[in-house]
Amino acid sequence: MNNTFIQRVKDEIAQAWTVAVKDVRVYYLRPGMIMFGFLMPFFMFFSFSVRRELGAAEGVARLLALSVFFTAGAAGPFIIPTERRIGTYDRLLAAPMSLLTLLLGKTAVGAFFAIAVSGVALAAGVLFFGTSIAQPDLLIAGILLGAFAFSSLGLVFGSIPTTNPGDVQMPSTLLRWGLLFISGVFIPLSEMAPVARFLAYLSPLTYAQDLMNHAVLGAGLIDARIDLAVLLVSGVLLLWPSIRLHQRARALGR
Amino acid sequence: MENMIDVEKLTKVYGRPGTGTLAVDEVSFQVERGEIFGFLGPNGAGKTTTQRMLTTLLEPTSGRIVVAGHDLRDDAYPVKRQMGLVPEESNVYTELTSWDNLMFTARLYRVPTEEREARARDLLETFGLWEKRDAKTENYSKGMRRRLSIAMAIIHQPSLLYLDEPTPGLDAQSARAIQDLIRELNAQGTTIFLTTHQIEEANQLCDRVAIINHGKIATVDTPERLRQTIQRVQSVEVALEPDGATHGPALEALPGVTTGVKMGDKWRLYTEDPSALLPLIMDYAASQNLRVVSLNTLAPSLEDVFLEITGGQVGTIKHDNPEDKPRGRKPGGRS
Ligand SMILES: Nc1ncnc2c1ncn2[C@@H]1O[C@H](COP(=O)(O)OP(=O)(O)OP(=O)(O)O)[C@@H](O)[C@H]1O
Ligand SMILES: [Mg+2]
């Protein structure tokens, strides 16, 4: 490896970081982010969990999966169309960095948000319910990889060429609700009919929930290594449609 | 030495070819190193579209762009490193202070840590923003945002700077300050690509000016030579009563008039020397017992300059302003 290559990689990492930090400062306290990112997981949790008998530990595992899932995907669909409308997105597109770097920076924004909110959920679980964490290392790895995968999913919607966040926030929320109901969040995998279980295996959220079960309860239905691998691979694969959509936007002139 | 920018048959169609909008139509031109190159055209001419292609923000439908020896299609990175961009809208982050806006851009362009702050301070002082450096830019005036937007475009000391209509909407003093700054940057060696629809601005600032309309370049020339063309399309507009519309041929026959165009109840008379024409019109009106309802000299319009260069008939382009719209299709003819 020659020096200019290493320097370039260093530059690109620093640029992705710069983009992410800027977005955190500019966008985290916007109503659109709080509404779709912060309140949604807690809302989902309480509306579907209150009536049922649910152990505190199961509840914490579920809340963690939900907060990672909903929060990570909230950033992309809000931030990118907003930036396209104001024109600041051009600054990022014209800067000397690769599209992948920009997308990784944007993925990090959603991921940080998810990590912060699931931290709140975790603290609530530990402080109020005295929940103990069976496997902290899996918990950390699961939150990180889940945050990455679901942020990457949100970014696909954010990459759709539009200047109006409303155009993509609803579809992306609908998709996430759809995923939510086919995944093993509200009904454990072991209690599902075979067809439903097959569907559940298609959703990355199933693996995130299973990981949280491993981490908090100490037991899941799938091998934790498979859970981690699926989250990592879906996060990487989901960058591809975002790249294509950005190329499309560049041809359309939006 | 090679050119800074080489553009060959650059074309952009928005939407599908055939049914879409042809915004830029096989445009070719060169920008030399160290010059201020003006890109002059009326609204909708294709200026922004061209500039967005040159700055990699928009994918050309066809054609080639080479900047400093690098083909933009497959070698954009070194070009992006040395170009600065001031877009049409001052797209600063309104939630951040001007200081943070500059720091962000400096980091994005990998300006060395030890130089960032000195350069930012320098720029903020030059642009008169130093006192306000810690205020969020949402409260800035239009002129302040524009200046900040320029500062952000040059903090990495680009060798090529694109500006898309940097002065409209600013008061005369702010506009002049920006024009002075462009001159100064150019004197320090920065090649400038300046998009504008103001003839005067192009003439005062640029070494060479391209005139574009309907996606085509009519000419690339020095302001000196353009001035001669521009002179020819100055005009005087006159409304006479009663039945002023019938006096066209006589007005057209006045000395110095090159063409007359009927504009509703007025006549527009093109001439190189409006001040000499005015008394002649007054004399004519007096001799015919006509009342002069209105009499205006008009600055040359870009559409007319474009038509004069391309051999079209001046005064025949539709104007955005409905009061300005010529009704007669054939100049001098009655319609
Ligand atoms: N994203 C777009 N999609 C479709 N058509 C577009 C798009 N952007 C511009 N156009 C059209 O392309 C043509 C050229 O527009 P462009 O913005 O390049 O003109 P301009 O010379 O910059 O004008 P102005 O002085 O108003 O800024 C216009 O007809 C415009 O309507
Ligand atoms: Mg424009």
# chains A, B, ... in the order shown; residues from 1 in each chain; ligands from 1

$ residues_near_ligand --ligand "ligand 1" --cutoff "10 Å" --atoms "only C-alpha atoms and all ligand atoms" --output "PyMOL selection string"
(chain A and resi 249-254) or (chain B and resi 12-15+20-24+39-53+58+88+164-165+195-198+212-215)

$ interface_residues --of "chain B" --to "chain A" --cutoff "9 Å" --atoms "only C-alpha atoms" --output "ChimeraX atom specification"
/B:14-15,49,52,55-61,76-85,87,89-96,104-105,107-110

$ residues_around --residues "Ala253 (chain B)" --least-positions-apart "5" --cutoff "12 Å" --atoms "only C-alpha atoms" --output "compact mmCIF listing (two decimals) with all heavy atoms, in the first residue's frame"
# COMPACT_ATOMS: atom_id res chain seq x y z
N HIS B 247 -47.88 55.28 -37.01
CA HIS B 247 -46.72 56.09 -37.38
C HIS B 247 -45.42 55.31 -37.46
O HIS B 247 -44.36 55.90 -37.62
CB HIS B 247 -46.58 57.26 -36.40
CG HIS B 247 -47.70 58.24 -36.51
ND1 HIS B 247 -47.70 59.27 -37.41
CD2 HIS B 247 -48.88 58.31 -35.86
CE1 HIS B 247 -48.82 59.95 -37.31
NE2 HIS B 247 -49.57 59.38 -36.37
N GLY B 248 -45.52 54.01 -37.36
CA GLY B 248 -44.33 53.16 -37.36
C GLY B 248 -43.37 53.43 -38.51
O GLY B 248 -42.19 53.74 -38.29
N THR B 258 -32.35 51.52 -36.63
CA THR B 258 -32.04 50.32 -37.40
C THR B 258 -33.27 49.46 -37.63
O THR B 258 -33.46 48.92 -38.70
CB THR B 258 -30.96 49.46 -36.70
OG1 THR B 258 -31.37 49.23 -35.34
CG2 THR B 258 -29.62 50.15 -36.71
N THR B 259 -34.11 49.36 -36.61
CA THR B 259 -35.32 48.54 -36.73
C THR B 259 -36.40 49.14 -35.85
O THR B 259 -36.09 49.73 -34.81
CB THR B 259 -35.07 47.11 -36.19
OG1 THR B 259 -33.80 46.67 -36.60
CG2 THR B 259 -36.14 46.13 -36.67
N GLY B 260 -37.63 48.96 -36.24
CA GLY B 260 -38.74 49.35 -35.37
C GLY B 260 -39.62 48.14 -35.11
O GLY B 260 -39.83 47.32 -35.98
N LEU B 269 -37.88 51.53 -31.07
CA LEU B 269 -36.96 51.86 -32.16
C LEU B 269 -35.53 51.54 -31.72
O LEU B 269 -35.03 52.11 -30.73
CB LEU B 269 -37.09 53.35 -32.50
CG LEU B 269 -38.52 53.80 -32.81
CD1 LEU B 269 -38.58 55.33 -32.89
CD2 LEU B 269 -39.02 53.18 -34.10
N TYR B 270 -34.91 50.63 -32.43
CA TYR B 270 -33.53 50.25 -32.08
C TYR B 270 -32.56 51.24 -32.71
O TYR B 270 -32.74 51.64 -33.87
CB TYR B 270 -33.22 48.84 -32.55
CG TYR B 270 -33.90 47.81 -31.69
CD1 TYR B 270 -35.19 47.38 -31.98
CD2 TYR B 270 -33.26 47.31 -30.55
CE1 TYR B 270 -35.84 46.46 -31.16
CE2 TYR B 270 -33.89 46.40 -29.74
CZ TYR B 270 -35.18 45.97 -30.03
OH TYR B 270 -35.80 45.08 -29.22
N THR B 271 -31.55 51.63 -31.94
CA THR B 271 -30.58 52.61 -32.44
C THR B 271 -29.29 52.51 -31.65
O THR B 271 -29.29 52.04 -30.51
CB THR B 271 -31.13 54.04 -32.29
OG1 THR B 271 -30.13 54.98 -32.67
CG2 THR B 271 -31.53 54.32 -30.85
N LEU B 277 -31.60 60.29 -30.92
CA LEU B 277 -32.90 59.99 -31.49
C LEU B 277 -34.04 60.73 -30.79
O LEU B 277 -35.03 61.13 -31.41
CB LEU B 277 -33.14 58.47 -31.42
CG LEU B 277 -34.41 57.95 -32.07
CD1 LEU B 277 -34.46 58.33 -33.55
CD2 LEU B 277 -34.51 56.43 -31.92
N LEU B 280 -35.29 63.94 -32.26
CA LEU B 280 -35.91 63.71 -33.57
C LEU B 280 -37.35 63.25 -33.42
O LEU B 280 -38.24 63.65 -34.18
CB LEU B 280 -35.10 62.67 -34.35
CG LEU B 280 -33.66 63.04 -34.67
CD1 LEU B 280 -32.96 61.92 -35.43
CD2 LEU B 280 -33.61 64.34 -35.48
N ILE B 281 -37.56 62.41 -32.41
CA ILE B 281 -38.92 61.92 -32.18
C ILE B 281 -39.83 63.07 -31.74
O ILE B 281 -40.95 63.23 -32.22
CB ILE B 281 -38.91 60.81 -31.11
CG1 ILE B 281 -38.17 59.57 -31.64
CG2 ILE B 281 -40.33 60.42 -30.71
CD1 ILE B 281 -37.94 58.48 -30.62
N TYR B 284 -40.70 65.13 -34.69
CA TYR B 284 -41.66 64.45 -35.56
C TYR B 284 -43.06 64.60 -34.98
O TYR B 284 -44.02 64.94 -35.68
CB TYR B 284 -41.29 62.97 -35.69
CG TYR B 284 -42.31 62.19 -36.48
CD1 TYR B 284 -42.34 62.25 -37.87
CD2 TYR B 284 -43.26 61.40 -35.83
CE1 TYR B 284 -43.31 61.54 -38.59
CE2 TYR B 284 -44.22 60.69 -36.54
CZ TYR B 284 -44.24 60.76 -37.92
OH TYR B 284 -45.19 60.08 -38.62
N GLY B 332 -41.43 46.08 -37.86
CA GLY B 332 -41.75 47.11 -38.85
C GLY B 332 -43.05 46.82 -39.54
O GLY B 332 -43.66 47.71 -40.10

$ atom_distance --atom1 "CA of Val257 (chain B)" --atom2 "CA of Pro223 (chain B)"
24.0 Å

$ atom_distance --atom1 "CA of Gln209 (chain A)" --atom2 "CA of Phe157 (chain A)"
22.6 Å

$ select_by_dssp --residues "region 239-315 of chain B" --states "strand (DSSP E or B)" --output "CSV table (one decimal) with N, CA, C and O atoms, in the first residue's frame"
chain,number,residue,atom,x,y,z
B,239,ALA,N,-44.7,56.2,-27.3
B,239,ALA,CA,-46.2,56.1,-27.5
B,239,ALA,C,-46.7,57.4,-27.9
B,239,ALA,O,-46.5,58.4,-27.2
B,240,LEU,N,-47.4,57.5,-29.1
B,240,LEU,CA,-47.9,58.7,-29.6
B,240,LEU,C,-49.4,58.7,-29.6
B,240,LEU,O,-50.0,57.6,-29.8
B,241,GLU,N,-50.1,59.8,-29.6
B,241,GLU,CA,-51.6,59.9,-29.7
B,241,GLU,C,-51.9,61.1,-30.5
B,241,GLU,O,-51.3,62.1,-30.4
B,257,VAL,N,-32.2,55.0,-36.8
B,257,VAL,CA,-33.0,53.9,-36.4
B,257,VAL,C,-32.7,52.6,-37.3
B,257,VAL,O,-32.7,52.7,-38.5
B,258,THR,N,-32.3,51.5,-36.6
B,258,THR,CA,-32.0,50.3,-37.4
B,258,THR,C,-33.3,49.5,-37.6
B,258,THR,O,-33.5,48.9,-38.7
B,259,THR,N,-34.1,49.4,-36.6
B,259,THR,CA,-35.3,48.5,-36.7
B,259,THR,C,-36.4,49.1,-35.8
B,259,THR,O,-36.1,49.7,-34.8
B,260,GLY,N,-37.6,49.0,-36.2
B,260,GLY,CA,-38.7,49.4,-35.4
B,260,GLY,C,-39.6,48.1,-35.1
B,260,GLY,O,-39.8,47.3,-36.0
B,261,VAL,N,-40.1,48.0,-33.9
B,261,VAL,CA,-41.0,46.9,-33.5
B,261,VAL,C,-42.2,47.5,-32.8
B,261,VAL,O,-42.1,48.3,-31.9
B,262,LYS,N,-43.4,47.0,-33.2
B,262,LYS,CA,-44.6,47.5,-32.6
B,262,LYS,C,-44.8,46.7,-31.3
B,262,LYS,O,-44.8,45.5,-31.3
B,263,MET,N,-45.0,47.4,-30.2
B,263,MET,CA,-45.2,46.7,-28.9
B,263,MET,C,-46.5,47.2,-28.4
B,263,MET,O,-46.6,48.2,-27.6
B,266,LYS,N,-47.2,51.0,-28.5
B,266,LYS,CA,-46.0,51.7,-28.5
B,266,LYS,C,-45.1,51.2,-29.7
B,266,LYS,O,-45.4,50.1,-30.3
B,267,TRP,N,-44.1,52.0,-30.0
B,267,TRP,CA,-43.1,51.5,-31.0
B,267,TRP,C,-41.8,51.5,-30.3
B,267,TRP,O,-41.4,52.4,-29.6
B,268,ARG,N,-41.1,50.4,-30.5
B,268,ARG,CA,-39.7,50.3,-30.0
B,268,ARG,C,-38.8,50.5,-31.2
B,268,ARG,O,-38.8,49.8,-32.2
B,269,LEU,N,-37.9,51.5,-31.1
B,269,LEU,CA,-37.0,51.9,-32.2
B,269,LEU,C,-35.5,51.5,-31.7
B,269,LEU,O,-35.0,52.1,-30.7
B,270,TYR,N,-34.9,50.6,-32.4
B,270,TYR,CA,-33.5,50.3,-32.1
B,270,TYR,C,-32.6,51.2,-32.7
B,270,TYR,O,-32.7,51.6,-33.9
B,271,THR,N,-31.5,51.6,-31.9
B,271,THR,CA,-30.6,52.6,-32.4
B,271,THR,C,-29.3,52.5,-31.6
B,271,THR,O,-29.3,52.0,-30.5
B,291,ARG,N,-49.4,63.9,-29.6
B,291,ARG,CA,-49.0,64.0,-28.2
B,291,ARG,C,-48.1,62.9,-27.9
B,291,ARG,O,-48.3,61.7,-28.2
B,292,VAL,N,-47.0,63.2,-27.2
B,292,VAL,CA,-46.1,62.1,-26.8
B,292,VAL,C,-46.5,61.6,-25.4
B,292,VAL,O,-46.4,62.3,-24.4
B,293,VAL,N,-47.1,60.4,-25.4
B,293,VAL,CA,-47.7,59.9,-24.2
B,293,VAL,C,-46.6,59.4,-23.3
B,293,VAL,O,-46.5,59.5,-22.1
B,294,SER,N,-45.6,58.7,-23.9
B,294,SER,CA,-44.5,58.2,-23.1
B,294,SER,C,-43.3,58.1,-24.1
B,294,SER,O,-43.4,57.8,-25.3
B,295,LEU,N,-42.1,58.2,-23.5
B,295,LEU,CA,-40.9,58.1,-24.2
B,295,LEU,C,-39.8,57.6,-23.3
B,295,LEU,O,-39.4,58.3,-22.3
B,296,ASN,N,-39.3,56.4,-23.6
B,296,ASN,CA,-38.3,55.8,-22.7
B,296,ASN,C,-37.1,55.3,-23.5
B,296,ASN,O,-37.3,54.8,-24.6
B,297,THR,N,-35.9,55.5,-22.9
B,297,THR,CA,-34.8,54.7,-23.5
B,297,THR,C,-34.6,53.4,-22.7
B,297,THR,O,-34.8,53.4,-21.5
B,298,LEU,N,-34.4,52.4,-23.4
B,298,LEU,CA,-34.3,51.1,-22.8
B,298,LEU,C,-32.8,50.5,-22.9
B,298,LEU,O,-32.2,50.6,-23.9

$ residues_around --residues "Gln169 (chain A)" --least-positions-apart "6" --cutoff "8 Å" --atoms "only C-alpha atoms" --output "PyMOL selection string"
chain A and resi 74+77-78+157

$ closest_residue --among "A:Ala20, A:Val195, A:Val156, A:Ala65" --to "Ser172 (chain A)" --atoms "only C-alpha atoms"
A:Val156

$ residues_around --residues "Phe128 (chain A)" --least-positions-apart "5" --cutoff "10 Å" --atoms "only C-alpha atoms" --output "list in words"
Ala56, Leu122 and Ala123 of chain A

$ write_last_selection --atoms "N, CA and C atoms" --output "PDB file, in the first residue's frame"
ATOM      1  N   ALA A  56     -40.209  -8.263  32.963  1.00  0.00           N
ATOM      2  CA  ALA A  56     -39.428  -7.040  32.806  1.00  0.00           C
ATOM      3  C   ALA A  56     -38.260  -7.258  31.842  1.00  0.00           C
ATOM      4  N   LEU A 122     -32.014   1.309  27.729  1.00  0.00           N
ATOM      5  CA  LEU A 122     -31.252   0.386  28.576  1.00  0.00           C
ATOM      6  C   LEU A 122     -31.184   0.904  30.013  1.00  0.00           C
ATOM      7  N   ALA A 123     -30.871   2.192  30.135  1.00  0.00           N
ATOM      8  CA  ALA A 123     -30.778   2.788  31.471  1.00  0.00           C
ATOM      9  C   ALA A 123     -32.118   2.662  32.191  1.00  0.00           C
TER      10      ALA A 123
END

$ select_by_dssp --residues "region 8-241 of chain A" --states "helix (DSSP H, G or I)" --output "PyMOL selection string"
chain A and resi 8-27+31-49+56-72+75-86+88-94+99-129+136-158+165-182+189-191+194-201+204-217+224-237+239-241
